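Novice: Sharing entry-v4.txt (compact mmCIF, C-alpha atoms) below.
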# COMPACT_ATOMS: atom_id res chain seq x y z
CA MET B 1 -50.01 -8.74 10.90
CA HIS B 2 -49.19 -9.24 14.57
CA ALA B 3 -52.00 -10.17 16.94
CA LEU B 4 -52.61 -7.81 19.85
CA SER B 5 -51.48 -9.03 23.22
CA GLN B 6 -53.88 -9.04 26.12
CA ALA B 7 -51.98 -6.10 27.62
CA ASP B 8 -52.23 -4.07 24.38
CA ARG B 9 -55.92 -4.90 24.05
CA ALA B 10 -56.57 -3.79 27.63
CA GLN B 11 -54.63 -0.57 27.02
CA LEU B 12 -56.67 0.24 23.93
CA ILE B 13 -59.96 -0.44 25.72
CA GLU B 14 -58.92 1.78 28.60
CA ALA B 15 -57.80 4.52 26.17
CA ARG B 16 -61.17 4.38 24.46
CA ARG B 17 -63.02 4.69 27.77
CA SER B 18 -60.76 7.52 28.91
CA SER B 19 -61.13 9.31 25.56
CA LEU B 20 -64.91 9.30 25.84
CA GLU B 21 -64.81 10.64 29.39
CA ILE B 22 -62.34 13.43 28.57
CA ALA B 23 -64.29 14.37 25.44
CA GLN B 24 -67.54 14.60 27.39
CA ARG B 25 -65.94 16.77 30.09
CA TRP B 26 -64.50 19.01 27.39
CA ARG B 27 -67.85 19.42 25.59
CA ASP B 28 -69.63 20.07 28.90
CA GLY B 29 -66.96 22.49 30.09
CA GLU B 30 -67.73 26.17 30.43
CA ALA B 31 -65.44 27.18 27.55
CA CYS B 32 -67.40 25.15 24.98
CA ARG B 33 -70.77 25.91 26.56
CA ALA B 34 -70.05 29.65 26.46
CA ILE B 35 -69.43 29.43 22.72
CA LEU B 36 -72.61 27.43 22.12
CA ARG B 37 -74.69 29.99 24.05
CA ARG B 38 -73.58 32.67 21.59
CA PHE B 39 -75.34 30.77 18.79
CA GLU B 40 -78.74 30.26 20.42
CA GLY B 41 -81.12 31.69 17.84
CA GLY B 42 -81.22 34.83 15.75
CA CYS B 43 -81.28 35.66 12.06
CA PRO B 44 -78.33 34.65 9.86
CA GLU B 45 -76.79 38.11 10.04
CA ALA B 46 -77.06 38.19 13.85
CA LEU B 47 -75.44 34.75 14.02
CA ALA B 48 -72.64 35.99 11.76
CA ASP B 49 -72.16 38.95 14.13
CA ALA B 50 -71.94 36.48 17.01
CA ALA B 51 -69.42 34.41 15.04
CA GLU B 52 -67.20 37.44 14.50
CA ALA B 53 -67.18 38.09 18.25
CA VAL B 54 -66.54 34.44 19.12
CA LEU B 55 -63.68 34.11 16.65
CA ALA B 56 -62.09 37.34 17.88
CA GLU B 57 -62.49 36.71 21.62
CA THR B 58 -61.85 32.99 22.01
CA ASP B 59 -58.48 31.71 23.18
CA TRP B 60 -58.36 28.82 20.73
CA ALA B 61 -55.13 27.39 22.11
CA GLY B 62 -56.65 27.46 25.59
CA LEU B 63 -59.88 25.87 24.37
CA LEU B 64 -58.00 22.91 22.91
CA ALA B 65 -55.44 22.66 25.74
CA PRO B 66 -57.24 19.82 27.61
CA LEU B 67 -57.29 17.71 24.44
CA VAL B 68 -53.63 18.45 23.67
CA ALA B 69 -52.68 17.53 27.24
CA ALA B 70 -54.64 14.27 27.03
CA LEU B 71 -52.91 13.36 23.76
CA ALA B 72 -49.48 14.18 25.22
CA ALA B 73 -50.21 11.92 28.20
CA ASN B 74 -51.57 9.03 26.14
CA PRO B 75 -50.76 8.47 22.44
CA PHE B 76 -53.89 6.29 22.16
CA PHE B 77 -56.15 9.21 23.13
CA GLU B 78 -58.85 9.89 20.51
CA PRO B 79 -59.74 13.61 20.30
CA PRO B 80 -63.50 14.19 19.79
CA LEU B 81 -62.96 16.03 16.51
CA ARG B 82 -63.98 15.11 12.97
CA VAL B 83 -60.78 15.40 10.95
CA SER B 84 -60.23 15.60 7.19
CA ARG B 85 -56.99 15.66 5.22
CA ASP B 86 -55.86 16.08 1.65
CA ALA B 87 -52.61 17.06 -0.06
CA VAL B 88 -53.03 20.74 0.81
CA ARG B 89 -55.31 21.00 3.84
CA THR B 90 -55.81 19.40 7.26
CA GLY B 91 -59.05 20.35 8.98
CA ALA B 92 -61.02 19.51 12.12
CA VAL B 93 -64.53 20.40 13.28
CA LEU B 94 -64.19 22.00 16.72
CA ILE B 95 -67.81 22.95 17.49
CA ASP B 96 -70.90 21.48 15.82
CA ALA B 97 -74.19 23.11 16.83
CA PRO B 98 -77.61 23.39 15.16
CA MET B 99 -77.10 27.05 14.25
CA ALA B 100 -73.40 27.02 13.35
CA SER B 101 -70.28 24.90 13.13
CA ILE B 102 -66.71 26.02 13.76
CA SER B 103 -63.74 24.32 12.13
CA ALA B 104 -59.98 24.83 12.04
CA SER B 105 -57.81 24.33 8.98
CA LEU B 106 -54.08 24.34 8.33
CA ILE B 107 -53.36 24.98 4.64
CA ASP B 108 -50.07 24.68 2.80
CA GLY B 109 -50.16 28.05 1.05
CA ARG B 110 -47.29 27.15 -1.26
CA ARG B 111 -49.24 24.22 -2.73
CA LEU B 112 -52.54 25.97 -3.39
CA PRO B 113 -54.19 24.72 -6.60
CA SER B 114 -55.23 26.95 -9.50
CA PRO B 115 -58.84 25.88 -10.13
CA ALA B 116 -60.76 26.69 -13.28
CA THR B 117 -64.03 27.21 -11.40
CA LEU B 118 -65.28 28.78 -8.18
CA ILE B 119 -68.17 27.91 -5.85
CA PHE B 120 -70.96 30.02 -4.37
CA PRO B 121 -71.77 27.68 -1.44
CA GLY B 122 -75.06 29.29 -0.43
CA TYR B 123 -74.31 30.04 3.25
CA ILE B 124 -72.52 32.67 5.32
CA THR B 125 -69.02 31.99 6.65
CA VAL B 126 -66.89 34.03 9.02
CA THR B 127 -63.15 33.28 9.06
CA ARG B 128 -60.34 34.39 11.33
CA TYR B 129 -56.93 34.00 9.72
CA LEU B 130 -54.69 33.28 12.72
CA LYS B 131 -51.78 32.97 10.28
CA ALA B 132 -52.45 34.53 6.88
CA GLY B 133 -49.35 33.14 5.17
CA GLY B 134 -49.06 36.23 2.99
CA ALA B 135 -52.19 35.16 1.13
CA THR B 136 -54.70 37.19 -0.83
CA LEU B 137 -58.36 36.40 -1.34
CA ARG B 138 -59.76 36.52 -4.85
CA ARG B 139 -63.46 37.42 -4.69
CA TRP B 140 -66.55 37.33 -6.91
CA GLU B 141 -70.20 38.39 -6.72
CA THR B 142 -73.36 36.99 -8.31
CA GLU B 143 -77.08 37.69 -8.27
CA PRO B 144 -79.27 36.45 -5.37
CA LEU B 145 -81.04 33.17 -6.05
CA ALA B 146 -84.55 34.11 -7.23
CA PRO B 147 -87.58 31.80 -6.90
CA ASP B 148 -87.68 31.49 -10.70
CA PHE B 149 -83.94 30.86 -11.03
CA SER B 150 -83.00 29.34 -14.39
CA ALA B 151 -79.56 27.89 -15.01
CA ALA B 152 -79.89 28.58 -18.72
CA ALA B 153 -80.54 32.28 -18.13
CA ALA B 154 -78.14 32.80 -15.21
CA ALA B 155 -75.95 35.88 -15.46
CA PRO B 156 -72.19 35.45 -15.17
CA CYS B 157 -70.57 36.27 -11.85
CA ARG B 158 -68.45 39.41 -11.52
CA PRO B 159 -64.92 39.71 -10.06
CA LEU B 160 -64.37 41.98 -7.06
CA PRO B 161 -61.09 43.58 -5.96
CA PRO B 162 -58.81 41.04 -4.23
CA LEU B 163 -58.22 41.32 -0.49
CA ALA B 164 -54.73 41.09 1.01
CA LEU B 165 -54.83 39.15 4.30
CA ALA B 166 -52.92 39.84 7.50
CA ASP B 167 -52.61 37.75 10.63
CA ASP B 168 -55.79 37.82 12.76
CA ASP B 169 -57.94 39.37 10.02
CA ILE B 170 -61.62 38.36 10.27
CA VAL B 171 -63.51 38.12 6.98
CA ARG B 172 -67.24 37.53 6.48
CA CYS B 173 -68.38 36.00 3.20
CA ASP B 174 -72.07 35.73 2.33
CA GLY B 175 -71.87 32.66 0.10
CA ARG B 176 -75.40 33.25 -1.15
CA THR B 177 -74.03 35.99 -3.41
CA ARG B 178 -70.25 35.96 -2.82
CA ALA B 179 -67.44 33.50 -3.55
CA GLN B 180 -63.77 33.55 -2.67
CA LEU B 181 -60.58 31.63 -3.38
CA PHE B 182 -57.05 31.99 -2.13
CA GLY B 183 -54.69 33.74 -4.49
CA GLU B 184 -50.95 33.60 -4.00
CA ALA B 185 -49.55 32.73 -0.57
CA SER B 186 -45.98 32.55 0.72
CA GLY B 187 -46.46 30.26 3.72
CA PRO B 188 -48.88 28.15 5.77
CA ILE B 189 -52.37 29.49 6.46
CA LEU B 190 -54.06 28.73 9.79
CA GLN B 191 -57.73 29.64 9.90
CA ILE B 192 -60.78 29.20 12.12
CA THR B 193 -64.10 29.29 10.21
CA ALA B 194 -67.66 29.58 11.47
CA THR B 195 -70.33 28.31 9.07
CA ILE B 196 -73.82 29.74 9.64
CA ARG B 197 -76.56 27.21 8.94
CA PRO B 198 -79.83 29.25 9.02
CA GLY B 199 -80.62 31.22 5.89
CA ALA B 200 -78.67 28.94 3.56
CA ILE B 201 -80.07 28.66 0.05
CA PRO B 202 -80.78 25.19 -1.41
CA LEU B 203 -78.45 25.39 -4.41
CA ILE B 204 -74.68 25.46 -4.82
CA ARG B 205 -73.63 27.36 -7.94
CA GLU B 206 -70.34 26.73 -9.74
CA HIS B 207 -69.02 29.36 -12.15
CA ARG B 208 -66.09 29.39 -14.54
CA ILE B 209 -63.32 31.78 -13.49
CA ALA B 210 -62.29 32.73 -17.03
CA ASP B 211 -65.60 34.34 -18.04
CA GLY B 212 -67.84 34.03 -14.97
CA ALA B 213 -70.33 31.74 -16.72
CA LEU B 214 -72.44 29.31 -14.69
CA VAL B 215 -71.28 25.76 -15.40
CA ARG B 216 -73.02 23.61 -12.78
CA VAL B 217 -75.74 23.68 -10.12
CA ALA B 218 -76.00 21.17 -7.26
CA SER B 219 -78.39 20.70 -4.37
CA ALA B 220 -77.24 21.85 -0.95
CA ASP B 221 -80.53 20.88 0.69
CA GLU B 222 -79.76 17.88 2.89
CA ALA B 223 -83.43 17.14 3.61
CA GLY B 224 -84.28 17.41 -0.08
CA SER B 225 -81.40 15.11 -1.01
CA ARG B 226 -82.63 12.52 1.47
CA THR B 227 -86.14 12.80 0.02
CA GLU B 228 -84.83 12.27 -3.50
CA MET B 229 -82.74 9.27 -2.42
CA LEU B 230 -85.68 7.65 -0.63
CA LEU B 231 -88.00 8.20 -3.60
CA GLY B 232 -85.43 6.56 -5.86
CA TYR B 233 -85.31 3.60 -3.48
CA LEU B 234 -89.12 3.31 -3.46
CA ARG B 235 -89.16 3.36 -7.27
CA ARG B 236 -86.54 0.62 -7.52
CA MET B 237 -88.50 -1.46 -5.02
CA GLY B 238 -91.63 -1.07 -7.14
CA ARG B 239 -93.64 0.45 -4.28
CA ILE B 240 -96.70 1.60 -6.21
CA ASP B 241 -98.52 1.91 -2.88
CA ALA B 242 -96.21 4.83 -2.04
CA ALA B 243 -97.77 7.07 -4.73
CA PRO B 244 -99.03 9.57 -2.07
CA ARG B 245 -95.40 10.11 -0.99
CA PHE B 246 -94.38 10.91 -4.55
CA GLU B 247 -97.35 13.23 -5.00
CA ALA B 248 -96.47 15.13 -1.82
CA ALA B 249 -92.84 15.50 -2.92
CA THR B 250 -93.94 17.03 -6.23
CA ARG B 251 -95.24 19.93 -4.11
CA ASP B 252 -91.95 20.48 -2.26
CA ARG B 253 -90.75 24.09 -1.93
CA ALA B 254 -87.55 23.26 -3.86
CA PHE B 255 -88.18 23.13 -7.59
CA HIS B 256 -85.43 20.56 -8.24
CA THR B 257 -86.95 18.22 -5.62
CA ARG B 258 -90.40 18.62 -7.22
CA TRP B 259 -89.11 17.59 -10.63
CA THR B 260 -86.94 14.76 -9.31
CA ALA B 261 -90.00 13.40 -7.49
CA MET B 262 -92.05 13.53 -10.69
CA ARG B 263 -89.33 11.73 -12.69
CA GLU B 264 -89.14 8.96 -10.10
CA TRP B 265 -92.92 8.69 -9.95
CA LEU B 266 -93.16 8.40 -13.73
CA GLY B 267 -90.58 5.62 -13.61
CA LEU B 268 -92.62 3.84 -10.95
CA ASP B 269 -96.19 4.27 -12.22
CA ALA B 270 -96.69 6.70 -15.09
CA ARG B 271 -100.46 6.22 -15.12
CA SER B 272 -100.97 7.45 -11.55
CA ALA B 273 -98.41 10.25 -12.03
CA PHE B 274 -99.83 11.59 -15.30
CA PRO B 275 -102.58 13.87 -13.85
CA ARG B 276 -100.05 15.54 -11.58
CA LEU B 277 -97.63 15.90 -14.53
CA GLU B 278 -100.35 17.79 -16.40
CA GLU B 279 -100.81 20.09 -13.40
CA MET B 280 -97.09 20.79 -13.22
CA ALA B 281 -96.93 21.57 -16.94
CA ALA B 282 -99.75 24.08 -16.51
CA ASN B 283 -99.01 25.84 -13.25
CA ASP B 284 -95.78 24.86 -11.48
CA PRO B 285 -94.22 28.03 -10.02
CA HIS B 286 -90.87 27.43 -11.71
CA PRO B 287 -90.52 27.96 -15.49
CA GLU B 288 -87.97 25.17 -15.97
CA VAL B 289 -90.24 22.65 -14.22
CA ARG B 290 -93.20 23.78 -16.33
CA ALA B 291 -91.11 23.42 -19.48
CA ALA B 292 -89.77 19.99 -18.50
CA ALA B 293 -93.25 18.75 -17.60
CA ALA B 294 -94.72 20.06 -20.84
CA ALA B 295 -91.94 18.42 -22.87
CA THR B 296 -92.57 15.11 -21.10
CA LEU B 297 -96.35 15.06 -21.54
CA ALA B 298 -96.41 13.80 -25.13
CA THR B 299 -93.94 10.99 -24.44
CA VAL B 300 -95.84 9.76 -21.39
CA ARG B 301 -99.22 10.09 -23.13
CA HIS B 302 -97.93 7.98 -26.03
CA ARG B 303 -96.50 5.37 -23.66
CA LEU B 304 -99.80 5.07 -21.82
CA ALA B 305 -101.74 4.75 -25.04
CA CYS B 306 -99.35 2.17 -26.53
CA PRO B 307 -98.12 -0.07 -23.73
CA ALA B 308 -95.27 -2.41 -24.60
Represent the structure of the file as structure tokens.

Specialist:
Amino acid sequence: MHALSQADRAQLIEARRSSLEIAQRWRDGEACRAILRRFEGGCPEALADAAEAVLAETDWAGLLAPLVAALAANPFFEPPLRVSRDAVRTGAVLIDAPMASISASLIDGRRLPSPATLIFPGYITVTRYLKAGGATLRRWETEPLAPDFSAAAAAPCRPLPPLALADDDIVRCDGRTRAQLFGEASGPILQITATIRPGAIPLIREHRIADGALVRVASADEAGSRTEMLLGYLRRMGRIDAAPRFEAATRDRAFHTRWTAMREWLGLDARSAFPRLEEMAANDPHPEVRAAAAATLATVRHRLACPA
């Protein structure tokens, strides 16, 4: 590996400084600020309406022109965009706001995979297909997530008629009850997608395409995931003094967070957790949590009576 010369080092430092300045001017520019103002409050459906208007009205090439010009002038310029790449897709986050994010993706339509499952992500998206690549959208529908949702009793999802895409089509997908995947495509797909954050449900549901059956559920609640991670850390550190934190988490609105908190608390100090476990077995709002707590009671009671 060759060491950087003083001149190269100075050039990189200057490029970094210049990149930050250009990025800040771009974010503070009227074009970006006008987009952000469109997402200042409102219900999820109103924000999705705003997203449709923004995607339809915005000159996306013009919005990115200052960044393209800066990159053309200096190959060391660092655009202020979070970029991701894989074998099929290259994407970048263009706008990231509390109510919504907007990203661009270029997809190789001829290399689209054929997955065995599909995802209901739990939030609304609005997508403008600048270049549709001759693609179709395969679509499915499922039941809304009820407060007493049970994975074991979940109904299979249902296929909907596919949608043929044309250039500049705008498609809204309520990922709380709808899922979609690309079908066949004949060329590259260029899309701009707005993701609406308010109103998102806390669970991601994965269904099998062949028969629609639910195969997996995952948490989409970032705050809940952080809580669960921190409780796990407190348990591993043996922080018995943190019992009030565990007790509070067993009353979280998300049933999966409540039960995770109880499991971690039992691993930390089963004796202090046992009264709350009894409460959850008797009256937790969710049937699966009640069943899990009831099934755990005998084991914990035996362990407390017969310590190792």

Novice: Which one is closest to B:Arg172: B:Gly42, B:Asp49, B:Ala291, B:Ala10? Count all atoms listed in the file.

Specialist: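 Comparing B:Gly42, B:Asp49, B:Ala291, B:Ala10 against B:Arg172, the winner is B:Asp49.
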
Novice: From the set B:Gly224, B:Gly62, B:Pro79, B:Pro121, which residue has the shortest atom-to-atom contact distance to B:Gln24, counting only C-alpha atoms?

Specialist: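 Looking at the shortest contact to B:Gln24, the residue is B:Pro79.
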
Novice: Using all atoms listed in the file, determine which residues lie at most 12 Å from B:Ala53, disregarding the query and same-chain residues fewer than 3 positions distant; provide the list as a ChimeraX atom specification.

Specialist: /B:35,38-39,46-50,56-59,126-128,170-172,194

Novice: Taking only C-alpha atoms into account, which of B:Glu45, B:Asp169, B:Glu206, B:Glu141 comes nearest B:Cys157?

Specialist: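 Of B:Glu45, B:Asp169, B:Glu206, B:Glu141, the one nearest B:Cys157 is B:Glu141, counting only C-alpha atoms.
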
Novice: Quick one: distance from atom CA of B:Arg17 to atom CA of B:Ser5 in Å, one decimal?

Specialist: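 Going from atom CA of B:Arg17 over to atom CA of B:Ser5 covers 18.5 Å.
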
Novice: Could you pull the residues within 8 Å of B:Ala293, counting all atoms listed in the file, minus those fewer than 3 positions along the same chain, as a ChimeraX atom specification?

Specialist: /B:277-278,280-281,289-290,296-297

Novice: With C-alpha atoms retained, write the just-selected residues as a JSON list (two decimals), in the coordinates of the input.

Specialist:
[["chain", "number", "residue", "atom", "x", "y", "z"],
["B", 277, "LEU", "CA", -97.63, 15.90, -14.53],
["B", 278, "GLU", "CA", -100.35, 17.79, -16.40],
["B", 280, "MET", "CA", -97.09, 20.79, -13.22],
["B", 281, "ALA", "CA", -96.93, 21.57, -16.94],
["B", 289, "VAL", "CA", -90.24, 22.65, -14.22],
["B", 290, "ARG", "CA", -93.20, 23.78, -16.33],
["B", 296, "THR", "CA", -92.57, 15.11, -21.10],
["B", 297, "LEU", "CA", -96.35, 15.06, -21.54]]

Novice: Do a neighbour search on B:Pro162 at 10 Å with only C-alpha atoms, toss out local chain neighbours closer than 2 positions, and write the hits as a list in words.

Specialist: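 Counting only the stated atoms, we get Thr136, Leu137, Arg138, Arg139, Trp140, Pro159, Leu160, Ala164, Leu165, Gln180, Leu181, Phe182 and Gly183 of chain B.
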
Novice: Using C-alpha atoms, can you write the selected residues to a file as a PDB file, keeping the file's coordinate frame?

Specialist:
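What follows is the written file selection00.pdb:
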ATOM      1  CA  THR B 136     -54.700  37.190  -0.830  1.00  0.00           C
ATOM      2  CA  LEU B 137     -58.360  36.400  -1.340  1.00  0.00           C
ATOM      3  CA  ARG B 138     -59.760  36.520  -4.850  1.00  0.00           C
ATOM      4  CA  ARG B 139     -63.460  37.420  -4.690  1.00  0.00           C
ATOM      5  CA  TRP B 140     -66.550  37.330  -6.910  1.00  0.00           C
ATOM      6  CA  PRO B 159     -64.920  39.710 -10.060  1.00  0.00           C
ATOM      7  CA  LEU B 160     -64.370  41.980  -7.060  1.00  0.00           C
ATOM      8  CA  ALA B 164     -54.730  41.090   1.010  1.00  0.00           C
ATOM      9  CA  LEU B 165     -54.830  39.150   4.300  1.00  0.00           C
ATOM     10  CA  GLN B 180     -63.770  33.550  -2.670  1.00  0.00           C
ATOM     11  CA  LEU B 181     -60.580  31.630  -3.380  1.00  0.00           C
ATOM     12  CA  PHE B 182     -57.050  31.990  -2.130  1.00  0.00           C
ATOM     13  CA  GLY B 183     -54.690  33.740  -4.490  1.00  0.00           C
TER      14      GLY B 183
END

Novice: For B:Ile192, which of B:Val83, B:Ala92, B:Met229, B:Ala155 is the closest residue, counting only C-alpha atoms?

Specialist: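 Result for the nearest residue to B:Ile192: B:Ala92.
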
Novice: Looking at all atoms listed in the file, which of B:Arg37, B:Arg208, B:Arg263, B:Arg253 is the one that sits closest to B:Leu231?

Specialist: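 Going through B:Arg37, B:Arg208, B:Arg263, B:Arg253 one by one, the smallest distance to B:Leu231 is for B:Arg263.
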
Novice: Pick out the closest residue to B:Arg89 from this set: B:Ile102, B:Ala152, B:Ala31, B:Ile189. Count all atoms listed in the file.

Specialist: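 Ranked by minimum distance to B:Arg89, first place goes to B:Ile189.
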